[in-house]
Amino acid sequence: MADLSAPALSVPAAPVLSPRRPAVSAIAWAVGPALLLFVVFFILPFGVMALLSVLTGNPAIQSGVTFTAQHYERFFEDSLYFEALVATLRIGAITTVASLVIGYPLAHLMARTHSRIGHALLLMAVIAPMLTGIVVRTFAWMTLLQDRGVINTTLLSWGLISSPLKLMYNEFGTIVALVHIYVPFMVLTLTGVIGRIDERLEQAARSLGANRTRTFLEVTLPLSLPGILAGSLLVFALSISAYVTPFLMGGTDVLTLPMLIYQQVGASFNLGFAGALGVVLLAVSLIVIIAYNNVLGRFAGGEKMA
Amino acid sequence: MTTIKPDRRSILKAGAAGAALAALGAPHIANAQAATLKITTWGGKWGEIMKGDLLPAFEREFKCTVSADQAFPFLPKLQASPRGNPIYDVLHANSNEQWKAVEFGIVEPKVDPKNVPNLKDVYPYAINDKIAGVSIFTSGIGLGYRTDKGLGKPTSWKDLADPKLAGQRGGYLIPVNSLGQAHLMMLGQIYGSGMQDLDAAYKALEALKPIKLFDFTGQMEKALLSAEVTMGVIHDSGVYRYEGTPEPVDFALPSEGVLALEQVLTVTPGSKVKELAYAYIDYMLRPDVQKKLAEAVWYSPSNTKVQLDAKYDAKLFNTPEKVARLIQPDWKWYNARKDAIDLRVTRILRG
């Protein structure tokens with residue numbers, strides 16, 4: 001996110017040679033398709049969803065549709081919806097932190113590996129899970145974690161436990177599966193940033209007497225903060241909008257806003273309330289992301305990071 | 001040797017003559033482009049029979065093409081499409097969704113027997129006041145159970161509450177599954193004053209915890225087969241289809257009655273091919289078509305004229321006496337309270 005409040009550089013005014021319109025750069029034209037994509041596949045659908053959330057029906061197919069706040073009022077009428085929002089953010093935050101803890105060392109290793117084969121093998125290991133669909137990976141976790149799954153059956157047969165551990169149909173199972181699915185996003189984002197950190201800076205810190213831990217904490221980690229921010233935002237955004245994995249792994253213990261949104265669209269056919277839930281999720285997520293950005297920016301020396 | 005040099009006019013003439021000959025020789029090709037019937041239908045074994053056999057036969061007979069959507073959810077897609085040009089001509093859905101579609105005005109509430117002659121041969125339950133459109137098949141919702149866990153064959157819905165089944169019983173995510181919704185109403189019937197006694201139903205639901213919940217019957221089937229669940233609410237078709245296999249599962253019809261899970265067809269008011277839509281419903285009610293599907297997926301046919309083979313005849317609901325055991329929930333009543341029920345059951349079943 002650019003800091004628009006930053007003072008512009010003072011540049012002497014150039015003499016105006018002609019009243020020609022400023023030429024549009026080639027890069028600006030190249031951005032066109034992405035911008036179009038963003039408008040068509042995000043702004044427009046989001047606008048429709050936001051509009052439906054303040055209407056009594058769908059004006060395209062119904063008559064007598066009026067503006068209303070009923071869908072937002074309903075969100076605040078029962079605490080279940082607020083609890084679902086909190087659970088969504090909690091699952092997103094824990095998944096992000098766990099992905100970072102698992103992904104950072106892997107990304108560091110990938111960035112610092114000088115062997116081409118080693119780098120390729122690590123890259124394949126990270127990317128391979130992404131080549132199978134989310135549903136397949138979630139079902140794989142189900143076969144591992146369910147009561148009669150591989151883990152419980154093995155532990156029972158070894159006599160280590162007398163009844164199956166509750167490994168799924170709860171937040172634990174949901175987060176385990178989400179972390180597995182989203183760690184590659186964290187690793188790939190961090191690898192690029194860590195790879196661009198000049199190794200000589202770390203070597204200089206070591207030569208000045210810093211041990212490995214101090215070098216990491218005072219040189220590598222601060223310089224990799226942009227990657228941590230980008231990876232965290234990516235994983236957080238994906239986790240809070242996940243539907244399939246919480247639905248299959250969470251059972252009745254887990255209720256997130258995407259599950260409620262699908263329920264409203266697919267089973268209750270209430271597009272207005274589904275829209276209101278979507279708007280609330282987006283608004284709260286944006287607030288969380290802006291706060292996170294600011295906090296991380298302070299650690300990086302008072303600058304906003306993105 | 002004379003060389004014939006074709007000019008533009010002769011090529012156009014030849015092309016027009018060829019097209020006319022093709023249309024005369026194979027009229028169905030021209031008609032097929034003119035009429036496309038858009039329907040919804042299930043996947044799995046049902047979808048295999050439909051796409052592999054029944055729909056191609058319908059296309060040949062009625063000289064049309066059928067576009068079949070198997071990707072859930074159907075109703076939101078129909079809801080979002082223009083009323084005058086709906087995405088489907090025929091909606092195949094369960095009864096609760098059909099009533100919701102009637103409420104939205106996006107399907108016709110009834111099918112006229114003048115348009116669908118085979119309606120004269122269906123059981124009354126298939127077209128009564130509890131049904132929007134026509135139910136072409138039904139299955140009975142009861143209790144599926146494993147036979148290798150030392151359980152006796154369940155005889156009552158109350159058997160699901162046996163304390164020995166704690167954590168081993170299976171149900172459905174009620175907000176998204178019609179079997180779960182029907183079972184909730186049945187709990188009101190068993191433990192309270194009737195299917196509309198929600199307080200008794202909520203109390204009975206609470207007593208079923210810990211219970212494993214699934215969003216669709218296919219998952220319940222898998223849970224029963226993998227012994228993740230020892231006893232669960234399921235439709236007869238989901239268990240009978242394993243007959244003759246080594247799978248240790250069986251189905252029990254509770255003495256208090258079996259809930260009907262109807263497969264309902266309705267026509268959309270804005271359909272441009274209504275005659276074809278009615279012809280499709282009539283086709284699905286033909287005895288030969290009904291027999292083929294009933295015996296493939298163990299669904300009870302609605303047409304009274306269907307003669308099933310012995311093993312299906314023994315188990316499916318295909319006589320007036322057997323059909324009398326089916327309990328049809330009042331979905332209009334349920335849909336009117338669905339939001340409040342969803343909130344309450346979600347609270348009950350969490351944690």
# chains A, B, ... in the order shown; residues from 1 in each chain; ligands from 1
>>> residues_around(residues="segment 144-160 of chain B", least_positions_apart="4", cutoff="7 Å", atoms="only C-alpha atoms", output="JSON, numbers by chain")
{"B": [169, 224, 230, 231, 232, 233, 234, 239, 248, 249, 250, 251, 252, 253, 254, 255, 256]}
>>> residues_around(residues="Leu201 of chain A", least_positions_apart="6", cutoff="12 Å", atoms="only C-alpha atoms", output="ChimeraX atom specification")
/A:207-208,210,215-216,218-220,223
>>> interface_residues(of="chain A", to="chain B", cutoff="10 Å", atoms="only C-alpha atoms", output="ChimeraX atom specification")
/A:58,60-62,78,80-81,146-149,169-170,247-248,251-255,260,262-271
>>> residues_around(residues="segment 129-136 of chain A", least_positions_apart="3", cutoff="9 Å", atoms="only C-alpha atoms", output="PyMOL selection string")
chain A and resi 124-126+139-141+180-182+184+244-245+248
>>> select_by_dssp(residues="segment 101-268 of chain B", states="strand (DSSP E)", output="number ranges by chain")
B: 134-146, 169-172, 211-214, 231-235, 249-252, 258-267
>>> write_last_selection(atoms="N, CA and C atoms", output="short mmCIF file (atom, residue, chain, number, x, y, z; two decimals), in the first residue's frame")
data_model
loop_
_atom_site.label_atom_id
_atom_site.label_comp_id
_atom_site.auth_asym_id
_atom_site.auth_seq_id
_atom_site.Cartn_x
_atom_site.Cartn_y
_atom_site.Cartn_z
N VAL B 134 -43.95 -33.04 -9.44
CA VAL B 134 -44.25 -34.48 -9.30
C VAL B 134 -43.01 -35.21 -8.80
N SER B 135 -43.24 -36.11 -7.86
CA SER B 135 -42.15 -36.95 -7.36
C SER B 135 -42.03 -38.16 -8.28
N ILE B 136 -40.87 -38.30 -8.93
CA ILE B 136 -40.72 -39.42 -9.88
C ILE B 136 -40.20 -40.68 -9.17
N PHE B 137 -39.46 -40.48 -8.10
CA PHE B 137 -38.99 -41.60 -7.28
C PHE B 137 -39.01 -41.15 -5.83
N THR B 138 -38.94 -42.12 -4.93
CA THR B 138 -38.71 -41.76 -3.54
C THR B 138 -37.79 -42.80 -2.93
N SER B 139 -37.10 -42.38 -1.89
CA SER B 139 -36.41 -43.40 -1.09
C SER B 139 -36.84 -43.18 0.36
N GLY B 140 -36.69 -44.21 1.17
CA GLY B 140 -37.13 -44.12 2.55
C GLY B 140 -35.96 -43.77 3.45
N ILE B 141 -36.13 -42.75 4.28
CA ILE B 141 -35.07 -42.39 5.22
C ILE B 141 -35.28 -43.19 6.50
N GLY B 142 -34.29 -43.96 6.89
CA GLY B 142 -34.35 -44.76 8.11
C GLY B 142 -32.98 -44.83 8.75
N LEU B 143 -32.63 -45.99 9.27
CA LEU B 143 -31.34 -46.13 9.96
C LEU B 143 -30.46 -47.16 9.25
N GLY B 144 -29.28 -46.72 8.88
CA GLY B 144 -28.27 -47.62 8.34
C GLY B 144 -27.36 -48.03 9.49
N TYR B 145 -26.90 -49.27 9.49
CA TYR B 145 -26.06 -49.71 10.61
C TYR B 145 -25.10 -50.79 10.15
N ARG B 146 -24.04 -50.93 10.93
CA ARG B 146 -23.06 -51.98 10.65
C ARG B 146 -23.49 -53.27 11.35
N ARG B 169 -22.56 -42.54 16.30
CA ARG B 169 -23.80 -42.35 15.53
C ARG B 169 -23.60 -41.21 14.54
N GLY B 170 -24.35 -41.27 13.46
CA GLY B 170 -24.17 -40.28 12.41
C GLY B 170 -25.46 -39.57 12.04
N GLY B 171 -25.34 -38.28 11.79
CA GLY B 171 -26.47 -37.47 11.33
C GLY B 171 -25.98 -36.50 10.27
N TYR B 172 -26.72 -35.42 10.08
CA TYR B 172 -26.38 -34.47 9.01
C TYR B 172 -26.29 -33.05 9.52
N ILE B 211 -22.33 -36.75 18.21
CA ILE B 211 -22.81 -37.34 16.95
C ILE B 211 -21.94 -36.80 15.81
N LYS B 212 -21.63 -37.64 14.86
CA LYS B 212 -20.84 -37.20 13.71
C LYS B 212 -21.80 -36.72 12.62
N LEU B 213 -21.51 -35.56 12.09
CA LEU B 213 -22.44 -34.97 11.13
C LEU B 213 -21.81 -34.83 9.75
N PHE B 214 -22.62 -35.05 8.75
CA PHE B 214 -22.13 -35.01 7.37
C PHE B 214 -23.03 -34.09 6.56
N MET B 231 -23.97 -46.45 13.40
CA MET B 231 -25.38 -46.34 13.01
C MET B 231 -25.65 -44.89 12.61
N GLY B 232 -26.40 -44.71 11.54
CA GLY B 232 -26.66 -43.34 11.12
C GLY B 232 -27.95 -43.21 10.32
N VAL B 233 -28.41 -41.96 10.24
CA VAL B 233 -29.61 -41.66 9.46
C VAL B 233 -29.22 -41.67 7.98
N ILE B 234 -29.92 -42.46 7.22
CA ILE B 234 -29.57 -42.54 5.78
C ILE B 234 -30.79 -43.03 5.01
N HIS B 235 -30.80 -42.83 3.70
CA HIS B 235 -31.92 -43.37 2.90
C HIS B 235 -31.60 -44.79 2.47
N VAL B 249 -23.07 -53.90 6.11
CA VAL B 249 -24.02 -52.82 6.42
C VAL B 249 -25.44 -53.28 6.05
N ASP B 250 -26.40 -52.76 6.79
CA ASP B 250 -27.80 -53.08 6.48
C ASP B 250 -28.67 -51.86 6.81
N PHE B 251 -29.92 -51.94 6.39
CA PHE B 251 -30.83 -50.81 6.57
C PHE B 251 -32.04 -51.27 7.38
N ALA B 252 -32.49 -50.42 8.31
CA ALA B 252 -33.66 -50.77 9.14
C ALA B 252 -34.75 -49.73 8.96
N VAL B 258 -41.26 -44.29 8.11
CA VAL B 258 -40.08 -43.99 7.30
C VAL B 258 -40.30 -42.64 6.62
N LEU B 259 -39.30 -41.79 6.69
CA LEU B 259 -39.43 -40.47 6.06
C LEU B 259 -39.21 -40.59 4.56
N ALA B 260 -40.00 -39.86 3.80
CA ALA B 260 -39.88 -39.93 2.35
C ALA B 260 -38.85 -38.91 1.87
N LEU B 261 -37.94 -39.37 1.01
CA LEU B 261 -36.99 -38.47 0.35
C LEU B 261 -37.33 -38.49 -1.13
N GLU B 262 -38.13 -37.52 -1.54
CA GLU B 262 -38.66 -37.55 -2.90
C GLU B 262 -37.72 -36.90 -3.91
N GLN B 263 -37.70 -37.48 -5.09
CA GLN B 263 -36.98 -36.91 -6.23
C GLN B 263 -38.02 -36.20 -7.09
N VAL B 264 -38.00 -34.88 -7.03
CA VAL B 264 -39.12 -34.12 -7.60
C VAL B 264 -38.70 -33.37 -8.86
N LEU B 265 -39.58 -33.39 -9.85
CA LEU B 265 -39.36 -32.61 -11.07
C LEU B 265 -40.41 -31.50 -11.17
N THR B 266 -39.94 -30.31 -11.56
CA THR B 266 -40.85 -29.20 -11.83
C THR B 266 -40.41 -28.53 -13.13
N VAL B 267 -41.32 -27.77 -13.71
CA VAL B 267 -41.02 -27.04 -14.95
C VAL B 267 -40.93 -25.56 -14.61
#
>>> select_by_dssp(residues="segment 37-254 of chain B", states="helix (DSSP H, G or I)", output="number ranges by chain")
B: 44-62, 74-80, 95-104, 117-121, 124-126, 157-161, 163-165, 174-176, 178-191, 198-207, 217-225, 237-240
>>> decode(residues="segment 105-178 of chain B", atoms="C-alpha atoms", output="mmCIF file, in the first residue's frame")
data_model
loop_
_atom_site.group_PDB
_atom_site.id
_atom_site.type_symbol
_atom_site.label_atom_id
_atom_site.label_comp_id
_atom_site.auth_asym_id
_atom_site.auth_seq_id
_atom_site.Cartn_x
_atom_site.Cartn_y
_atom_site.Cartn_z
ATOM 1 C CA GLY B 105 -41.990 -18.195 -8.338
ATOM 2 C CA ILE B 106 -39.228 -19.810 -10.397
ATOM 3 C CA VAL B 107 -40.948 -23.191 -10.912
ATOM 4 C CA GLU B 108 -44.554 -24.118 -11.615
ATOM 5 C CA PRO B 109 -46.212 -25.481 -8.441
ATOM 6 C CA LYS B 110 -48.129 -28.264 -10.186
ATOM 7 C CA VAL B 111 -47.908 -30.367 -13.328
ATOM 8 C CA ASP B 112 -51.061 -30.665 -15.419
ATOM 9 C CA PRO B 113 -52.012 -34.322 -16.160
ATOM 10 C CA LYS B 114 -53.067 -33.180 -19.633
ATOM 11 C CA ASN B 115 -49.424 -32.426 -20.376
ATOM 12 C CA VAL B 116 -48.030 -35.493 -18.599
ATOM 13 C CA PRO B 117 -50.318 -38.484 -19.284
ATOM 14 C CA ASN B 118 -48.309 -40.866 -17.067
ATOM 15 C CA LEU B 119 -49.407 -38.874 -14.017
ATOM 16 C CA LYS B 120 -52.592 -40.954 -14.021
ATOM 17 C CA ASP B 121 -50.558 -43.999 -12.982
ATOM 18 C CA VAL B 122 -48.534 -42.555 -10.089
ATOM 19 C CA TYR B 123 -49.125 -43.186 -6.388
ATOM 20 C CA PRO B 124 -51.077 -40.339 -4.771
ATOM 21 C CA TYR B 125 -48.080 -39.380 -2.602
ATOM 22 C CA ALA B 126 -46.191 -38.347 -5.763
ATOM 23 C CA ILE B 127 -48.567 -35.506 -6.598
ATOM 24 C CA ASN B 128 -50.376 -34.699 -3.350
ATOM 25 C CA ASP B 129 -50.409 -31.364 -1.497
ATOM 26 C CA LYS B 130 -47.059 -32.131 0.139
ATOM 27 C CA ILE B 131 -45.396 -32.156 -3.276
ATOM 28 C CA ALA B 132 -44.628 -29.298 -5.644
ATOM 29 C CA GLY B 133 -44.464 -30.687 -9.186
ATOM 30 C CA VAL B 134 -44.248 -34.483 -9.304
ATOM 31 C CA SER B 135 -42.147 -36.946 -7.362
ATOM 32 C CA ILE B 136 -40.719 -39.424 -9.877
ATOM 33 C CA PHE B 137 -38.994 -41.604 -7.277
ATOM 34 C CA THR B 138 -38.711 -41.758 -3.537
ATOM 35 C CA SER B 139 -36.415 -43.397 -1.085
ATOM 36 C CA GLY B 140 -37.133 -44.119 2.555
ATOM 37 C CA ILE B 141 -35.069 -42.388 5.224
ATOM 38 C CA GLY B 142 -34.352 -44.765 8.112
ATOM 39 C CA LEU B 143 -31.345 -46.134 9.963
ATOM 40 C CA GLY B 144 -28.272 -47.623 8.340
ATOM 41 C CA TYR B 145 -26.056 -49.708 10.605
ATOM 42 C CA ARG B 146 -23.061 -51.982 10.646
ATOM 43 C CA THR B 147 -23.787 -55.631 11.196
ATOM 44 C CA ASP B 148 -20.309 -56.461 12.537
ATOM 45 C CA LYS B 149 -20.467 -54.417 15.745
ATOM 46 C CA GLY B 150 -22.712 -56.638 17.806
ATOM 47 C CA LEU B 151 -25.751 -54.394 17.426
ATOM 48 C CA GLY B 152 -29.221 -55.827 17.081
ATOM 49 C CA LYS B 153 -31.229 -54.621 14.090
ATOM 50 C CA PRO B 154 -32.688 -51.246 15.110
ATOM 51 C CA THR B 155 -36.478 -51.172 15.257
ATOM 52 C CA SER B 156 -37.137 -47.618 16.406
ATOM 53 C CA TRP B 157 -35.748 -44.148 15.759
ATOM 54 C CA LYS B 158 -35.023 -44.123 19.498
ATOM 55 C CA ASP B 159 -32.347 -46.789 18.964
ATOM 56 C CA LEU B 160 -30.068 -44.079 17.588
ATOM 57 C CA ALA B 161 -29.953 -42.556 21.069
ATOM 58 C CA ASP B 162 -28.507 -45.752 22.607
ATOM 59 C CA PRO B 163 -25.644 -44.572 24.901
ATOM 60 C CA LYS B 164 -23.436 -47.318 23.457
ATOM 61 C CA LEU B 165 -23.440 -45.349 20.176
ATOM 62 C CA ALA B 166 -21.954 -42.161 21.681
ATOM 63 C CA GLY B 167 -19.575 -40.725 19.092
ATOM 64 C CA GLN B 168 -20.422 -43.602 16.752
ATOM 65 C CA ARG B 169 -23.798 -42.352 15.533
ATOM 66 C CA GLY B 170 -24.172 -40.276 12.407
ATOM 67 C CA GLY B 171 -26.473 -37.474 11.331
ATOM 68 C CA TYR B 172 -26.379 -34.471 9.007
ATOM 69 C CA LEU B 173 -25.534 -30.799 9.033
ATOM 70 C CA ILE B 174 -29.166 -29.791 9.348
ATOM 71 C CA PRO B 175 -28.938 -26.339 7.693
ATOM 72 C CA VAL B 176 -27.700 -27.834 4.413
ATOM 73 C CA ASN B 177 -29.178 -31.329 4.253
ATOM 74 C CA SER B 178 -32.791 -32.347 3.731
#
